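Just below is one structure, and these are the notes that go with it.
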Amino acid sequence: MQQLFRTFFTALVFALSMTMPAAQQDDMVRKWITLSSQQVIHEKWGENFNSFLNSYRIKEACRRLGDVDHYGQLTIEAIATGVGFRSRTSFVTSFKRITGLTPSEYQRLAREEVSAALPE
């Protein structure tokens, strides 16, 4: 059940991030979620709805920051907006809380890893 629930939200967040402005994403997702679902999130994962949603957004942001081929031309702000954050400050705060790094640090490390893997 937990895996199905997380898979559903991963797909939902990703789909919303591709089709809808960030300002509308939270409102729409909240309308779809009942109070009991919010209680399940809190009881099962010890998180409130926003933290739960932000953890998936940060996971997707990490993927994008590490995918230099497809997202390397985007700014950190563009990636933040693309995964559903309304402000850079909120994104950076959540990112650092979840990963222990700032988005810039994460992006730099990801690019160094890609460079190190290239043949000389």
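By convention here, the chains of the structure tokens are called A, B, ... in the order presented, each chain's residues are numbered starting at 1, and ligands are numbered starting at 1 in the order presented.
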
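Once A:Ile58 and its same-chain neighbours fewer than 5 positions away are set aside, Leu53, Arg63, Ala80, Val83, Phe91, Ser94, Phe95, Ile98 and Thr99 of chain A remain within 9 Å of it when counting only C-alpha atoms.
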
Please, what distance in Å, to one decimal, runs between atom CA of A:Asp67 and atom CA of A:Asn50?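 Taking atom CA of A:Asp67 as the start and atom CA of A:Asn50 as the end point, the length is 25.5 Å.
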